[in-house]
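For reference, run.cif (mmCIF, C-alpha atoms, pLDDT in the B column; chains and numbers go by the auth columns):
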data_entry
#
loop_
_atom_site.group_PDB
_atom_site.id
_atom_site.type_symbol
_atom_site.label_atom_id
_atom_site.label_comp_id
_atom_site.label_asym_id
_atom_site.label_seq_id
_atom_site.Cartn_x
_atom_site.Cartn_y
_atom_site.Cartn_z
_atom_site.B_iso_or_equiv
_atom_site.auth_seq_id
_atom_site.auth_asym_id
ATOM 1 C CA MET A 1 107.503 67.973 118.022 52.00 29 G
ATOM 2 C CA ALA A 2 106.849 64.253 118.142 60.00 30 G
ATOM 3 C CA ASP A 3 106.781 63.369 114.435 71.00 31 G
ATOM 4 C CA PRO A 4 110.267 63.039 112.882 75.00 32 G
ATOM 5 C CA ASN A 5 108.753 63.549 109.400 83.00 33 G
ATOM 6 C CA LYS A 6 107.784 67.116 110.265 92.00 34 G
ATOM 7 C CA VAL A 7 109.696 70.330 110.801 96.00 35 G
ATOM 8 C CA ILE A 8 108.766 73.681 112.282 97.00 36 G
ATOM 9 C CA HIS A 9 108.283 76.278 109.561 98.00 37 G
ATOM 10 C CA LYS A 10 108.212 79.916 110.617 98.00 38 G
ATOM 11 C CA GLY A 11 106.755 82.762 108.646 98.00 39 G
ATOM 12 C CA GLY A 12 104.425 85.696 108.518 97.00 40 G
ATOM 13 C CA CYS A 13 103.549 88.898 106.766 97.00 41 G
ATOM 14 C CA HIS A 14 105.776 91.465 105.054 97.00 42 G
ATOM 15 C CA CYS A 15 106.067 93.903 107.982 97.00 43 G
ATOM 16 C CA GLU A 16 106.516 90.991 110.439 97.00 44 G
ATOM 17 C CA LEU A 17 103.780 92.114 112.819 97.00 45 G
ATOM 18 C CA VAL A 18 101.976 88.825 112.095 97.00 46 G
ATOM 19 C CA ARG A 19 104.260 85.870 112.781 98.00 47 G
ATOM 20 C CA TRP A 20 103.471 82.191 113.165 98.00 48 G
ATOM 21 C CA GLU A 21 104.921 78.698 113.345 98.00 49 G
ATOM 22 C CA VAL A 22 103.537 75.618 111.646 97.00 50 G
ATOM 23 C CA GLU A 23 104.477 71.977 112.067 97.00 51 G
ATOM 24 C CA ALA A 24 104.471 70.289 108.657 97.00 52 G
ATOM 25 C CA PRO A 25 106.652 68.139 106.410 95.00 53 G
ATOM 26 C CA ALA A 26 109.623 69.747 104.647 96.00 54 G
ATOM 27 C CA SER A 27 108.003 68.593 101.384 96.00 55 G
ATOM 28 C CA VAL A 28 104.426 69.813 100.954 96.00 56 G
ATOM 29 C CA VAL A 29 101.577 69.726 98.470 94.00 57 G
ATOM 30 C CA ALA A 30 100.447 73.283 97.769 94.00 58 G
ATOM 31 C CA TRP A 31 97.266 74.385 96.052 90.00 59 G
ATOM 32 C CA LYS A 32 97.096 77.086 93.402 90.00 60 G
ATOM 33 C CA CYS A 33 93.468 78.155 93.348 83.00 61 G
ATOM 34 C CA ASN A 34 91.733 80.120 90.610 82.00 62 G
ATOM 35 C CA CYS A 35 88.841 81.467 92.704 78.00 63 G
ATOM 36 C CA SER A 36 88.279 85.216 92.458 78.00 64 G
ATOM 37 C CA ASP A 37 90.226 85.944 95.659 77.00 65 G
ATOM 38 C CA CYS A 38 93.174 83.539 95.326 77.00 66 G
ATOM 39 C CA SER A 39 93.743 84.313 91.649 79.00 67 G
ATOM 40 C CA MET A 40 93.947 88.071 92.306 81.00 68 G
ATOM 41 C CA ARG A 41 96.412 87.518 95.153 82.00 69 G
ATOM 42 C CA ARG A 42 98.319 84.750 93.337 86.00 70 G
ATOM 43 C CA ASN A 43 97.904 82.715 96.511 87.00 71 G
ATOM 44 C CA THR A 44 99.500 79.284 96.556 94.00 72 G
ATOM 45 C CA HIS A 45 99.031 77.565 99.897 93.00 73 G
ATOM 46 C CA PHE A 46 99.477 74.284 101.724 96.00 74 G
ATOM 47 C CA ILE A 47 97.005 73.035 104.286 93.00 75 G
ATOM 48 C CA VAL A 48 97.713 71.732 107.768 96.00 76 G
ATOM 49 C CA PRO A 49 95.522 70.641 110.689 96.00 77 G
ATOM 50 C CA SER A 50 94.640 73.626 112.884 94.00 78 G
ATOM 51 C CA LYS A 51 96.444 72.078 115.848 96.00 79 G
ATOM 52 C CA CYS A 52 99.740 72.256 113.893 96.00 80 G
ATOM 53 C CA PHE A 53 99.537 76.047 113.490 97.00 81 G
ATOM 54 C CA LYS A 54 100.490 78.528 116.194 97.00 82 G
ATOM 55 C CA LEU A 55 100.069 82.275 115.905 97.00 83 G
ATOM 56 C CA ARG A 56 102.807 84.109 117.813 95.00 84 G
ATOM 57 C CA ASP A 57 101.848 86.175 120.852 93.00 85 G
ATOM 58 C CA GLY A 58 100.664 89.663 119.939 94.00 86 G
ATOM 59 C CA ALA A 59 100.019 88.893 116.268 94.00 87 G
ATOM 60 C CA GLU A 60 96.237 88.641 116.612 91.00 88 G
ATOM 61 C CA GLU A 61 95.832 92.386 117.204 95.00 89 G
ATOM 62 C CA PHE A 62 97.269 93.073 113.730 96.00 90 G
ATOM 63 C CA LEU A 63 94.881 90.717 111.900 94.00 91 G
ATOM 64 C CA THR A 64 91.635 91.504 110.176 88.00 92 G
ATOM 65 C CA THR A 65 89.363 89.168 108.238 85.00 93 G
ATOM 66 C CA TYR A 66 87.620 89.293 104.874 83.00 94 G
ATOM 67 C CA THR A 67 84.867 86.894 103.793 78.00 95 G
ATOM 68 C CA PHE A 68 82.775 86.594 100.645 81.00 96 G
ATOM 69 C CA GLY A 69 80.407 84.175 98.939 77.00 97 G
ATOM 70 C CA THR A 70 79.449 81.551 101.522 80.00 98 G
ATOM 71 C CA HIS A 71 81.483 83.376 104.207 77.00 99 G
ATOM 72 C CA THR A 72 82.942 80.029 105.262 71.00 100 G
ATOM 73 C CA ALA A 73 86.553 80.854 104.388 71.00 101 G
ATOM 74 C CA LYS A 74 88.108 83.435 106.689 87.00 102 G
ATOM 75 C CA HIS A 75 90.743 85.341 104.711 86.00 103 G
ATOM 76 C CA THR A 76 92.942 86.889 107.370 91.00 104 G
ATOM 77 C CA PHE A 77 95.443 89.589 106.537 92.00 105 G
ATOM 78 C CA CYS A 78 97.748 92.034 108.295 96.00 106 G
ATOM 79 C CA LYS A 79 96.159 95.418 109.029 97.00 107 G
ATOM 80 C CA SER A 80 99.520 97.097 108.467 96.00 108 G
ATOM 81 C CA CYS A 81 100.971 95.587 105.270 96.00 109 G
ATOM 82 C CA GLY A 82 97.915 93.779 103.847 94.00 110 G
ATOM 83 C CA ILE A 83 99.574 90.386 103.369 94.00 111 G
ATOM 84 C CA THR A 84 97.541 87.184 103.781 94.00 112 G
ATOM 85 C CA SER A 85 100.129 84.805 105.192 96.00 113 G
ATOM 86 C CA PHE A 86 97.500 82.241 106.257 96.00 114 G
ATOM 87 C CA TYR A 87 93.736 81.801 106.308 92.00 115 G
ATOM 88 C CA LEU A 88 90.956 79.389 107.273 91.00 116 G
ATOM 89 C CA PRO A 89 89.931 77.652 104.035 88.00 117 G
ATOM 90 C CA ARG A 90 86.406 76.714 103.039 84.00 118 G
ATOM 91 C CA SER A 91 87.677 73.338 101.857 84.00 119 G
ATOM 92 C CA ASN A 92 89.204 72.509 105.234 86.00 120 G
ATOM 93 C CA PRO A 93 87.338 74.156 108.113 89.00 121 G
ATOM 94 C CA ASP A 94 89.462 72.043 110.489 92.00 122 G
ATOM 95 C CA GLY A 95 92.687 73.342 108.937 93.00 123 G
ATOM 96 C CA ILE A 96 94.816 76.353 108.139 95.00 124 G
ATOM 97 C CA ALA A 97 95.988 77.317 104.657 95.00 125 G
ATOM 98 C CA VAL A 98 99.556 78.636 104.828 97.00 126 G
ATOM 99 C CA THR A 99 100.805 80.853 102.000 96.00 127 G
ATOM 100 C CA VAL A 100 103.964 79.231 100.595 97.00 128 G
ATOM 101 C CA ALA A 101 105.607 82.585 99.783 96.00 129 G
ATOM 102 C CA CYS A 102 105.227 83.642 103.442 97.00 130 G
ATOM 103 C CA VAL A 103 107.279 80.765 104.861 98.00 131 G
ATOM 104 C CA ASP A 104 110.755 81.878 105.928 98.00 132 G
ATOM 105 C CA PRO A 105 113.496 80.417 103.697 97.00 133 G
ATOM 106 C CA GLY A 106 115.308 77.247 104.709 96.00 134 G
ATOM 107 C CA THR A 107 112.740 74.689 105.864 97.00 135 G
ATOM 108 C CA LEU A 108 110.699 73.866 102.747 96.00 136 G
ATOM 109 C CA THR A 109 112.669 71.410 100.630 96.00 137 G
ATOM 110 C CA HIS A 110 110.018 70.694 97.994 96.00 138 G
ATOM 111 C CA VAL A 111 106.655 72.141 97.006 96.00 139 G
ATOM 112 C CA GLU A 112 104.393 70.149 94.685 95.00 140 G
ATOM 113 C CA ILE A 113 101.868 72.505 93.080 94.00 141 G
ATOM 114 C CA ARG A 114 98.360 71.193 92.446 90.00 142 G
ATOM 115 C CA HIS A 115 95.666 73.259 90.778 84.00 143 G
ATOM 116 C CA TYR A 116 92.329 73.830 92.477 77.00 144 G
ATOM 117 C CA ASP A 117 89.394 74.944 90.349 71.00 145 G
ATOM 118 C CA GLY A 118 87.891 77.434 92.787 77.00 146 G
ATOM 119 C CA ARG A 119 85.742 78.982 90.054 80.00 147 G
ATOM 120 C CA ASN A 120 83.851 75.698 90.003 74.00 148 G
ATOM 121 C CA TRP A 121 84.329 75.078 93.713 77.00 149 G
ATOM 122 C CA GLU A 122 81.512 72.641 94.479 76.00 150 G
ATOM 123 C CA ARG A 123 82.138 70.399 91.492 77.00 151 G
ATOM 124 C CA PHE A 124 85.907 70.341 91.945 76.00 152 G
ATOM 125 C CA TYR A 125 85.815 69.854 95.731 76.00 153 G
ATOM 126 C CA ASP A 126 84.019 66.523 95.361 74.00 154 G
ATOM 127 C CA GLN A 127 86.648 65.157 92.962 76.00 155 G
ATOM 128 C CA SER A 128 89.715 66.549 94.734 78.00 156 G
ATOM 129 C CA SER A 129 91.493 65.204 97.806 74.00 157 G
ATOM 130 C CA ILE A 130 91.940 68.654 99.366 76.00 158 G
ATOM 131 C CA SER A 131 89.744 67.964 102.407 77.00 159 G
ATOM 132 C CA SER A 132 92.117 65.204 103.541 80.00 160 G
ATOM 133 C CA PHE A 133 95.055 67.597 103.900 81.00 161 G
ATOM 134 C CA SER A 134 93.882 68.922 107.265 81.00 162 G
ATOM 135 C CA LYS A 135 93.824 65.410 108.712 82.00 163 G
ATOM 136 C CA PRO A 136 96.912 64.599 110.836 77.00 164 G
ATOM 137 C CA ASP A 137 97.708 61.309 109.067 66.00 165 G
ATOM 138 C CA LYS A 138 97.577 62.995 105.621 54.00 166 G
ATOM 139 C CA MET A 139 100.597 65.133 106.380 50.00 167 G
ATOM 140 C CA LYS A 140 102.863 62.075 106.215 45.00 168 G
ATOM 141 C CA LYS A 141 101.965 61.035 102.674 45.00 169 G
ATOM 142 C CA HIS A 142 101.228 62.879 99.474 46.00 170 G
ATOM 143 C CA ASP A 143 100.365 60.005 97.238 44.00 171 G
ATOM 144 C CA ASP A 144 96.868 60.733 95.996 44.00 172 G
#

Just dump the structure as structure tokens.
Amino acid sequence: MADPNKVIHKGGCHCELVRWEVEAPASVVAWKCNCSDCSMRRNTHFIVPSKCFKLRDGAEEFLTTYTFGTHTAKHTFCKSCGITSFYLPRSNPDGIAVTVACVDPGTLTHVEIRHYDGRNWERFYDQSSISSFSKPDKMKKHDD
């Protein structure tokens, strides 16, 4: 880990068959989305560049994927317990959305919640800064 502003967060699903590590700041901006999927799951997630996320060995065999609408987002979840601890977001195809509640305790020091209007996805996407959160330099600052 080269960046002193980042820490390694560990986490995964409820049954712990899906485990991962993610390099990100201790203080993150998380998105609470009201799209039909996120609102039903009460998913609040922060986004990191794909290269900062590492799925632990053996976890892939316990994952399955659900898509809907444009089929761009890949909602991954554990085949055993059903928890979506991370997914590939439509807003950031070069990133990973990590579910805040699935991060092991102790490494997140602050979570700023921002609302994302997923019910009006196209209109809101253009006026939000969400796409910048999967860019490596964005992880250092949360000032927009």

TODO: Using the chain letters and residue numbers of this document, give as a PyMOL selection string the residues selected by the PyMOL selection byres ((chain G and resi 136-143) around 7).
DONE: chain G and resi 54-61+134-135+144-145

- [ ] Go ahead and compute the interatomic distance for atom CA of G:Ser157 and atom CA of G:Ile75, in Å to one decimal.
- [x]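 For atom CA of G:Ser157 relative to atom CA of G:Ile75, the distance reads 11.6 Å.
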
- [ ] Enumerate, as a PyMOL selection string, the residues matched when the PyMOL selection byres ((chain G and resi 32-42) around 10) is run on the file above.
- [x] chain G and resi 29-31+43-55+80-84+87+105-106+108-114+126-136+167-169

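Reported to one decimal place, the separation of atom CA of G:Lys163 from atom CA of G:Glu89 is 28.4 Å.
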
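One distance worth recording is that between atom CA of G:Pro164 and atom CA of G:Asp65, which is 27.0 Å.
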
Task: Nearest residue to G:Ser119 from the set G:Thr72, G:Thr95, G:Ser64, G:Thr100 (distances using only C-alpha atoms) - done: G:Thr100

Task: Nearby residues (only C-alpha atoms) at most 7 Å from G:His103, same-chain spacing under 3 positions excluded, as a list in words - done: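 Skipping anything fewer than 3 positions along the chain leaves Thr93, Tyr94, Thr95, Tyr115 and Leu116 of chain G.
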
- [ ] Would you mind telling me which residue in G:Thr92, G:Ser156, G:Ser162, G:Thr98 lies nearest to G:Ala125 when using all atoms listed in the file?
- [x] G:Ser162

Task: Nearest residue to G:Pro117 from the set G:Arg147, G:Arg70, G:Glu88, G:Phe161 (distances using all atoms listed in the file) - done: G:Phe161

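Each of G:Cys63, G:Gly123, G:Ile158, G:Thr104 was checked against G:Pro77 using only C-alpha atoms; the smallest atom-to-atom distance is that of G:Gly123.
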
- [ ] Measuring atom to atom with all atoms listed in the file, identify which of G:Phe74, G:Asn62, G:Arg69, G:Ala101 is nearest to G:Asn148.
- [x]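 Nearest to G:Asn148: G:Asn62.
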
Stretch 125-138 of chain G: axis-aligned bounding box, 4 Å on each side, centre and edge lengths in Å, one decimal, as AutoDock Vina command-line options:
--center_x 105.6 --center_y 77.2 --center_z 102.0 --size_x 27.3 --size_y 20.9 --size_z 15.9
